[in-house]
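Peer 1: Data file data-v7.tsv (TSV, C-alpha atoms and all ligand atoms) is appended below.
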chain	number	residue	atom	x	y	z
J	1	MET	CA	4.75	-0.59	12.17
J	2	THR	CA	4.23	-2.90	9.22
J	3	ARG	CA	1.81	-5.70	10.09
J	4	VAL	CA	2.41	-9.03	8.33
J	5	ALA	CA	-0.04	-11.94	8.32
J	6	VAL	CA	1.59	-15.37	8.18
J	7	GLY	CA	-0.14	-18.64	7.34
J	8	CYS	CA	0.77	-22.14	6.25
J	9	ASP	CA	-0.45	-25.69	5.86
J	10	HIS	CA	1.36	-28.77	7.15
J	11	GLY	CA	3.64	-28.81	4.08
J	12	GLY	CA	4.80	-25.25	4.72
J	13	TYR	CA	5.04	-25.45	8.49
J	14	VAL	CA	8.77	-26.32	8.34
J	15	LEU	CA	9.43	-22.73	7.21
J	16	LYS	CA	7.11	-20.88	9.56
J	17	ASP	CA	9.39	-20.27	12.57
J	18	SER	CA	12.21	-18.98	10.35
J	19	VAL	CA	9.85	-16.70	8.45
J	20	ILE	CA	8.35	-15.25	11.65
J	21	LYS	CA	11.80	-14.75	13.22
J	22	THR	CA	13.04	-12.95	10.10
J	23	LEU	CA	9.99	-10.70	9.90
J	24	ARG	CA	10.35	-9.74	13.56
J	25	GLU	CA	14.06	-8.98	13.06
J	26	LEU	CA	13.03	-6.70	10.19
J	27	GLY	CA	10.74	-4.82	12.58
J	28	ALA	CA	7.39	-6.24	11.49
J	29	ASP	CA	4.41	-6.93	13.71
J	30	VAL	CA	3.57	-10.56	12.88
J	31	VAL	CA	0.05	-11.99	13.00
J	32	ASP	CA	0.33	-15.80	13.02
J	33	MET	CA	-2.80	-17.32	11.45
J	34	GLY	CA	-1.69	-20.99	11.74
J	35	CYS	CA	-1.43	-23.86	11.14
J	36	ASP	CA	0.67	-25.11	14.06
J	37	SER	CA	1.95	-28.55	13.08
J	38	ALA	CA	3.68	-30.43	10.28
J	39	GLU	CA	2.09	-33.66	11.50
J	40	ILE	CA	-1.62	-32.90	11.11
J	41	SER	CA	-2.87	-32.60	7.53
J	42	VAL	CA	-4.89	-29.43	6.93
J	43	ASP	CA	-6.38	-27.75	3.85
J	44	TYR	CA	-4.25	-24.94	2.41
J	45	PRO	CA	-7.17	-22.89	0.93
J	46	LYS	CA	-8.36	-22.05	4.45
J	47	TYR	CA	-5.01	-20.48	5.39
J	48	GLY	CA	-4.56	-18.81	2.01
J	49	GLU	CA	-7.96	-17.18	2.31
J	50	ALA	CA	-7.44	-16.07	5.93
J	51	VAL	CA	-4.16	-14.31	5.18
J	52	ALA	CA	-5.49	-12.85	1.92
J	53	ARG	CA	-8.57	-11.43	3.63
J	54	ALA	CA	-6.43	-9.91	6.41
J	55	VAL	CA	-4.32	-8.13	3.77
J	56	ALA	CA	-7.21	-7.15	1.48
J	57	SER	CA	-9.15	-5.65	4.40
J	58	GLY	CA	-6.17	-3.56	5.53
J	59	GLU	CA	-5.98	-5.35	8.87
J	60	CYS	CA	-2.47	-6.38	7.73
J	61	ASP	CA	-0.17	-4.66	5.24
J	62	LEU	CA	1.49	-7.76	3.79
J	63	GLY	CA	1.34	-11.56	4.00
J	64	VAL	CA	3.58	-14.61	3.79
J	65	LEU	CA	2.06	-17.99	2.92
J	66	MET	CA	3.66	-21.43	2.93
J	67	CYS	CA	2.52	-24.82	1.69
J	68	GLY	CA	4.39	-27.76	0.14
J	69	THR	CA	5.16	-25.90	-3.07
J	70	GLY	CA	3.70	-22.44	-2.38
J	71	ILE	CA	1.46	-22.95	-5.40
J	72	GLY	CA	-1.88	-24.13	-4.00
J	73	ILE	CA	-1.96	-21.58	-1.22
J	74	SER	CA	-1.07	-18.76	-3.65
J	75	ILE	CA	-3.87	-19.80	-6.02
J	76	ALA	CA	-6.34	-19.63	-3.12
J	77	ALA	CA	-5.05	-16.23	-1.96
J	78	ASN	CA	-5.24	-14.79	-5.47
J	79	LYS	CA	-9.01	-15.40	-5.53
J	80	VAL	CA	-9.42	-12.54	-3.03
J	81	LYS	CA	-9.85	-9.15	-4.70
J	82	GLY	CA	-6.81	-6.91	-4.35
J	83	ILE	CA	-4.37	-9.71	-3.65
J	84	ARG	CA	-1.22	-10.15	-5.69
J	85	ALA	CA	0.32	-13.32	-4.25
J	86	ALA	CA	3.55	-14.49	-5.88
J	87	VAL	CA	5.26	-17.85	-5.55
J	88	VAL	CA	8.96	-17.17	-5.16
J	89	THR	CA	11.83	-19.62	-4.99
J	90	ASN	CA	14.83	-17.29	-4.86
J	91	THR	CA	15.85	-13.79	-3.79
J	92	TYR	CA	15.82	-12.45	-7.36
J	93	MET	CA	12.14	-13.33	-7.78
J	94	ALA	CA	11.41	-12.00	-4.29
J	95	LYS	CA	12.93	-8.58	-5.03
J	96	LEU	CA	11.45	-8.29	-8.51
J	97	THR	CA	7.93	-9.23	-7.44
J	98	LYS	CA	7.94	-6.24	-5.07
J	99	ASN	CA	9.72	-3.91	-7.57
J	100	HIS	CA	7.41	-4.74	-10.49
J	101	ASN	CA	4.26	-6.52	-9.25
J	102	ASP	CA	3.93	-4.84	-5.84
J	103	ALA	CA	3.20	-8.34	-4.53
J	104	ASN	CA	1.37	-7.93	-1.23
J	105	ILE	CA	1.82	-11.64	-0.43
J	106	ILE	CA	4.63	-14.06	-1.18
J	107	ALA	CA	4.14	-17.82	-1.13
J	108	LEU	CA	6.93	-20.24	-0.27
J	109	GLY	CA	7.28	-24.01	-0.61
J	110	GLY	CA	8.37	-26.02	2.40
J	111	ARG	CA	9.23	-28.91	0.08
J	112	VAL	CA	11.09	-26.64	-2.34
J	113	ILE	CA	13.30	-24.29	-0.31
J	114	SER	CA	15.15	-24.53	3.01
J	115	PRO	CA	14.37	-22.43	6.11
J	116	LYS	CA	17.61	-20.50	5.46
J	117	GLU	CA	16.54	-19.73	1.87
J	118	ALA	CA	13.13	-18.67	3.18
J	119	GLU	CA	14.81	-16.17	5.51
J	120	GLU	CA	16.81	-14.65	2.65
J	121	ILE	CA	13.75	-14.54	0.38
J	122	VAL	CA	11.56	-12.86	3.00
J	123	LYS	CA	14.26	-10.27	3.64
J	124	ALA	CA	14.73	-9.54	-0.10
J	125	TRP	CA	10.98	-9.07	-0.65
J	126	TYR	CA	10.26	-7.14	2.57
J	127	THR	CA	13.10	-4.64	2.06
J	128	ALA	CA	12.50	-4.10	-1.68
J	129	GLN	CA	10.46	-1.15	-2.91
J	130	TYR	CA	7.69	-1.01	-5.49
J	131	GLU	CA	8.99	1.03	-8.43
J	132	GLY	CA	5.64	2.35	-9.76
J	133	GLY	CA	5.89	4.10	-13.13
J	134	ARG	CA	5.22	1.76	-16.06
J	135	HIS	CA	4.46	-1.06	-13.61
J	136	GLN	CA	1.43	0.79	-12.24
J	137	ARG	CA	-0.28	0.66	-15.64
J	138	ARG	CA	0.09	-3.13	-15.64
J	139	ILE	CA	-1.18	-3.50	-12.08
J	140	ASP	CA	-4.16	-1.32	-13.04
J	141	MET	CA	-4.79	-3.77	-15.89
J	142	ILE	CA	-4.84	-6.65	-13.39
J	143	SER	CA	-7.35	-4.73	-11.26
J	144	GLU	CA	-9.48	-4.21	-14.37
J	145	ILE	CA	-9.56	-7.99	-14.93
J	146	GLU	CA	-10.83	-8.38	-11.35
J	147	ARG	CA	-13.53	-5.77	-11.92
J	148	ASN	CA	-14.67	-7.46	-15.12
J	149	GLU	CA	-14.88	-10.84	-13.39
J	150	GLN	CA	-17.24	-9.46	-10.76
J	151	ARG	CA	-19.87	-8.26	-13.24
Q	201	LIG	C1	-0.28	-30.83	0.76
Q	201	LIG	O1	0.11	-32.17	0.70
Q	201	LIG	C2	0.17	-30.10	-0.51
Q	201	LIG	O2	-0.66	-30.44	-1.56
Q	201	LIG	C3	0.17	-28.61	-0.27
Q	201	LIG	O3	1.02	-28.31	0.78
Q	201	LIG	C4	0.64	-27.75	-1.41
Q	201	LIG	O4	1.88	-28.16	-1.90
Q	201	LIG	C5	-0.31	-27.50	-2.49
Q	201	LIG	O5	-0.04	-26.76	-3.45
Could I get this file's structure written as C-alpha cells?
Peer 2:
Amino acid sequence: MTRVAVGCDHGGYVLKDSVIKTLRELGADVVDMGCDSAEISVDYPKYGEAVARAVASGECDLGVLMCGTGIGISIAANKVKGIRAAVVTNTYMAKLTKNHNDANIIALGGRVISPKEAEEIVKAWYTAQYEGGRHQRRIDMISEIERNEQR
C-alpha cells in the first residue's frame, strides 16, 4: 500500500480534509502530520521538513504539503536531500510533475485553489506515472547538484 505523508500550516488547512479523503479513496495509507487548525498560526517550515523527512527516509512513499500558496512549504521541503517537491496549481502541472520530474511531494496553496481543485490535482498526480528515459538524466543532474552542495 502506498503511504502518503500529509502536512500543512494554517493557510493550507482548508484543503487538508479534501486531500486526505481523496488519497484514501485512491487506496493510500495516509499519515497526517498536522497542523490541525486554520485558526492558530504555525510555522510552515516545521511541517514541510516533517513530511520531507518522512518521504526521504522511506517511511512514506509520497507527500502532500499545503500552505497559503504552497510556495514556502515547498521551499522548506526541497532542502531535504532526495526531495523533489513541486508547487502545482492545476491538473496539467500535477500530471507532468510526476511524468517528468518524478515529484515525490506536491505542494498546494489554500489561498490559491479550492478544495475541489485540490482533489482533482491530487488524483492527477497520484495516478500519473514517471516516464523515465530522458527525464532520468535530468533528475540525476539534480541529484548531482545536491551532492556538490554537501561537500
Ligand atoms: C502564512 O501566512 C503564509 O505565509 C504561508 O501559509 C505560506 O503561504 C508561505 O509560503
Peer 1: Taking only C-alpha atoms and all ligand atoms into account, which residues are within 12 Å of ligand LIG 201 (chain Q), as JSON, numbers by chain?
Peer 2: {"J": [7, 8, 9, 10, 11, 12, 13, 14, 15, 35, 38, 39, 40, 41, 42, 43, 44, 45, 46, 47, 48, 65, 66, 67, 68, 69, 70, 71, 72, 73, 74, 75, 76, 77, 87, 107, 108, 109, 110, 111, 112]}
Peer 1: Go through J:Ala124, J:Leu23, J:Ile145, J:Leu62 one by one, measure the shortest atom-to-atom distance of each to J:Lys81 using all atoms listed in the file, and give the residue with the smallest value.
Peer 2: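 For J:Lys81, the nearest of the candidates is J:Ile145.
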Peer 1: Just give me the gap between atom CA of J:Val64 and atom CA of J:Ala5 in Å, one decimal is fine.
Peer 2: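 Distance between the two atoms: 6.4 Å.
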Peer 1: Dig up all the protein and nucleic acid residues within 9 Å of (8.6, -3.0, 4.3) in the file frame, using only C-alpha atoms, and format them as a PyMOL selection string.
Peer 2: chain J and resi 2+26-28+61-62+125-129
Peer 1: Find the distance between atom CA of J:Ile83 and atom CA of J:Cys60 and write it in Å to one decimal.
Peer 2: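 Distance between the two atoms: 12.0 Å.
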Peer 1: In Å, rounded to a single decimal, give me how far atom CA of J:Arg24 is from atom CA of J:Thr97.
Peer 2: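 Taking atom CA of J:Thr97 as the start and atom CA of J:Arg24 as the end point, the length is 21.1 Å.
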Peer 1: Using all atoms listed in the file, which protein or nucleic acid residues come within 9 Å of J:Glu131? Drop anything in the same chain fewer than 5 positions from it, and give the result as a list of chain:residue names.
Peer 2: J:Lys98, J:Asn99, J:His100, J:Asn101, J:Asp102, J:Gln136
Peer 1: Mind checking which residues fall within 7 Å of J:Arg84, counting all atoms listed in the file, ignoring those fewer than 5 positions away in the same chain, and posting them as a PyMOL selection string?
Peer 2: chain J and resi 78+103-105
Peer 1: Considering all atoms listed in the file, can you say which of J:Arg3, J:Arg134, J:Lys123, J:Arg53 comes closest to J:Asp32?
Peer 2: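 Residue with the minimum atom-to-atom distance to J:Asp32: J:Arg3.
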Peer 1: Restricting the calculation to all atoms listed in the file, which member of J:Ile113, J:Asp29, J:Gly34, J:Arg147 is positioned closest to J:Val88?
Peer 2: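 Comparing J:Ile113, J:Asp29, J:Gly34, J:Arg147 against J:Val88, the winner is J:Ile113.
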Peer 1: Write out N, CA, C and O atoms for stretch 16-37 of chain J, as a PDB file, in the coordinates of the input.
Peer 2:
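Writing done, so here's rebuild.pdb:
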ATOM      1  N   LYS J  16       7.826 -21.952   8.868  1.00  0.00           N
ATOM      2  CA  LYS J  16       7.110 -20.880   9.560  1.00  0.00           C
ATOM      3  C   LYS J  16       7.941 -20.177  10.640  1.00  0.00           C
ATOM      4  O   LYS J  16       7.962 -18.938  10.689  1.00  0.00           O
ATOM      5  N   ASP J  17       8.621 -20.918  11.492  1.00  0.00           N
ATOM      6  CA  ASP J  17       9.390 -20.270  12.570  1.00  0.00           C
ATOM      7  C   ASP J  17      10.467 -19.353  12.007  1.00  0.00           C
ATOM      8  O   ASP J  17      10.683 -18.248  12.513  1.00  0.00           O
ATOM      9  N   SER J  18      11.149 -19.803  10.950  1.00  0.00           N
ATOM     10  CA  SER J  18      12.210 -18.980  10.350  1.00  0.00           C
ATOM     11  C   SER J  18      11.630 -17.718   9.732  1.00  0.00           C
ATOM     12  O   SER J  18      12.219 -16.630   9.848  1.00  0.00           O
ATOM     13  N   VAL J  19      10.487 -17.861   9.081  1.00  0.00           N
ATOM     14  CA  VAL J  19       9.850 -16.700   8.450  1.00  0.00           C
ATOM     15  C   VAL J  19       9.429 -15.691   9.520  1.00  0.00           C
ATOM     16  O   VAL J  19       9.675 -14.487   9.388  1.00  0.00           O
ATOM     17  N   ILE J  20       8.807 -16.164  10.587  1.00  0.00           N
ATOM     18  CA  ILE J  20       8.350 -15.250  11.650  1.00  0.00           C
ATOM     19  C   ILE J  20       9.543 -14.568  12.318  1.00  0.00           C
ATOM     20  O   ILE J  20       9.529 -13.358  12.552  1.00  0.00           O
ATOM     21  N   LYS J  21      10.593 -15.330  12.595  1.00  0.00           N
ATOM     22  CA  LYS J  21      11.800 -14.750  13.220  1.00  0.00           C
ATOM     23  C   LYS J  21      12.378 -13.646  12.326  1.00  0.00           C
ATOM     24  O   LYS J  21      12.701 -12.559  12.799  1.00  0.00           O
ATOM     25  N   THR J  22      12.468 -13.931  11.040  1.00  0.00           N
ATOM     26  CA  THR J  22      13.040 -12.950  10.100  1.00  0.00           C
ATOM     27  C   THR J  22      12.184 -11.695  10.045  1.00  0.00           C
ATOM     28  O   THR J  22      12.708 -10.572  10.081  1.00  0.00           O
ATOM     29  N   LEU J  23      10.874 -11.864   9.960  1.00  0.00           N
ATOM     30  CA  LEU J  23       9.990 -10.700   9.900  1.00  0.00           C
ATOM     31  C   LEU J  23      10.114  -9.852  11.155  1.00  0.00           C
ATOM     32  O   LEU J  23      10.150  -8.617  11.080  1.00  0.00           O
ATOM     33  N   ARG J  24      10.211 -10.504  12.296  1.00  0.00           N
ATOM     34  CA  ARG J  24      10.350  -9.740  13.560  1.00  0.00           C
ATOM     35  C   ARG J  24      11.681  -9.007  13.592  1.00  0.00           C
ATOM     36  O   ARG J  24      11.755  -7.858  14.033  1.00  0.00           O
ATOM     37  N   GLU J  25      12.749  -9.650  13.105  1.00  0.00           N
ATOM     38  CA  GLU J  25      14.060  -8.980  13.060  1.00  0.00           C
ATOM     39  C   GLU J  25      14.028  -7.760  12.144  1.00  0.00           C
ATOM     40  O   GLU J  25      14.751  -6.797  12.357  1.00  0.00           O
ATOM     41  N   LEU J  26      13.157  -7.827  11.132  1.00  0.00           N
ATOM     42  CA  LEU J  26      13.030  -6.700  10.190  1.00  0.00           C
ATOM     43  C   LEU J  26      12.118  -5.603  10.746  1.00  0.00           C
ATOM     44  O   LEU J  26      11.897  -4.584  10.100  1.00  0.00           O
ATOM     45  N   GLY J  27      11.552  -5.842  11.925  1.00  0.00           N
ATOM     46  CA  GLY J  27      10.740  -4.820  12.580  1.00  0.00           C
ATOM     47  C   GLY J  27       9.251  -4.963  12.359  1.00  0.00           C
ATOM     48  O   GLY J  27       8.482  -4.066  12.723  1.00  0.00           O
ATOM     49  N   ALA J  28       8.817  -6.064  11.770  1.00  0.00           N
ATOM     50  CA  ALA J  28       7.390  -6.240  11.490  1.00  0.00           C
ATOM     51  C   ALA J  28       6.628  -6.734  12.713  1.00  0.00           C
ATOM     52  O   ALA J  28       7.185  -7.404  13.583  1.00  0.00           O
ATOM     53  N   ASP J  29       5.346  -6.387  12.721  1.00  0.00           N
ATOM     54  CA  ASP J  29       4.410  -6.930  13.710  1.00  0.00           C
ATOM     55  C   ASP J  29       3.762  -8.140  13.029  1.00  0.00           C
ATOM     56  O   ASP J  29       3.086  -7.982  12.013  1.00  0.00           O
ATOM     57  N   VAL J  30       4.013  -9.334  13.540  1.00  0.00           N
ATOM     58  CA  VAL J  30       3.570 -10.560  12.880  1.00  0.00           C
ATOM     59  C   VAL J  30       2.254 -11.067  13.469  1.00  0.00           C
ATOM     60  O   VAL J  30       2.116 -11.159  14.690  1.00  0.00           O
ATOM     61  N   VAL J  31       1.305 -11.360  12.586  1.00  0.00           N
ATOM     62  CA  VAL J  31       0.050 -11.990  13.000  1.00  0.00           C
ATOM     63  C   VAL J  31       0.079 -13.428  12.482  1.00  0.00           C
ATOM     64  O   VAL J  31       0.014 -13.670  11.272  1.00  0.00           O
ATOM     65  N   ASP J  32       0.210 -14.376  13.387  1.00  0.00           N
ATOM     66  CA  ASP J  32       0.330 -15.800  13.020  1.00  0.00           C
ATOM     67  C   ASP J  32      -1.072 -16.410  12.911  1.00  0.00           C
ATOM     68  O   ASP J  32      -1.780 -16.548  13.907  1.00  0.00           O
ATOM     69  N   MET J  33      -1.450 -16.799  11.690  1.00  0.00           N
ATOM     70  CA  MET J  33      -2.800 -17.320  11.450  1.00  0.00           C
ATOM     71  C   MET J  33      -2.817 -18.845  11.316  1.00  0.00           C
ATOM     72  O   MET J  33      -3.764 -19.417  10.789  1.00  0.00           O
ATOM     73  N   GLY J  34      -1.741 -19.528  11.795  1.00  0.00           N
ATOM     74  CA  GLY J  34      -1.690 -20.990  11.740  1.00  0.00           C
ATOM     75  C   GLY J  34      -1.230 -21.469  10.368  1.00  0.00           C
ATOM     76  O   GLY J  34      -0.910 -20.639   9.521  1.00  0.00           O
ATOM     77  N   CYS J  35      -1.151 -22.810  10.190  1.00  0.00           N
ATOM     78  CA  CYS J  35      -1.430 -23.860  11.140  1.00  0.00           C
ATOM     79  C   CYS J  35      -0.250 -24.030  12.109  1.00  0.00           C
ATOM     80  O   CYS J  35       0.727 -23.293  12.007  1.00  0.00           O
ATOM     81  N   ASP J  36      -0.320 -25.008  12.999  1.00  0.00           N
ATOM     82  CA  ASP J  36       0.670 -25.110  14.060  1.00  0.00           C
ATOM     83  C   ASP J  36       1.332 -26.470  14.153  1.00  0.00           C
ATOM     84  O   ASP J  36       1.850 -26.838  15.207  1.00  0.00           O
ATOM     85  N   SER J  37       1.333 -27.224  13.048  1.00  0.00           N
ATOM     86  CA  SER J  37       1.950 -28.550  13.080  1.00  0.00           C
ATOM     87  C   SER J  37       2.250 -29.044  11.670  1.00  0.00           C
ATOM     88  O   SER J  37       1.488 -28.766  10.736  1.00  0.00           O
TER      89      SER J  37
END
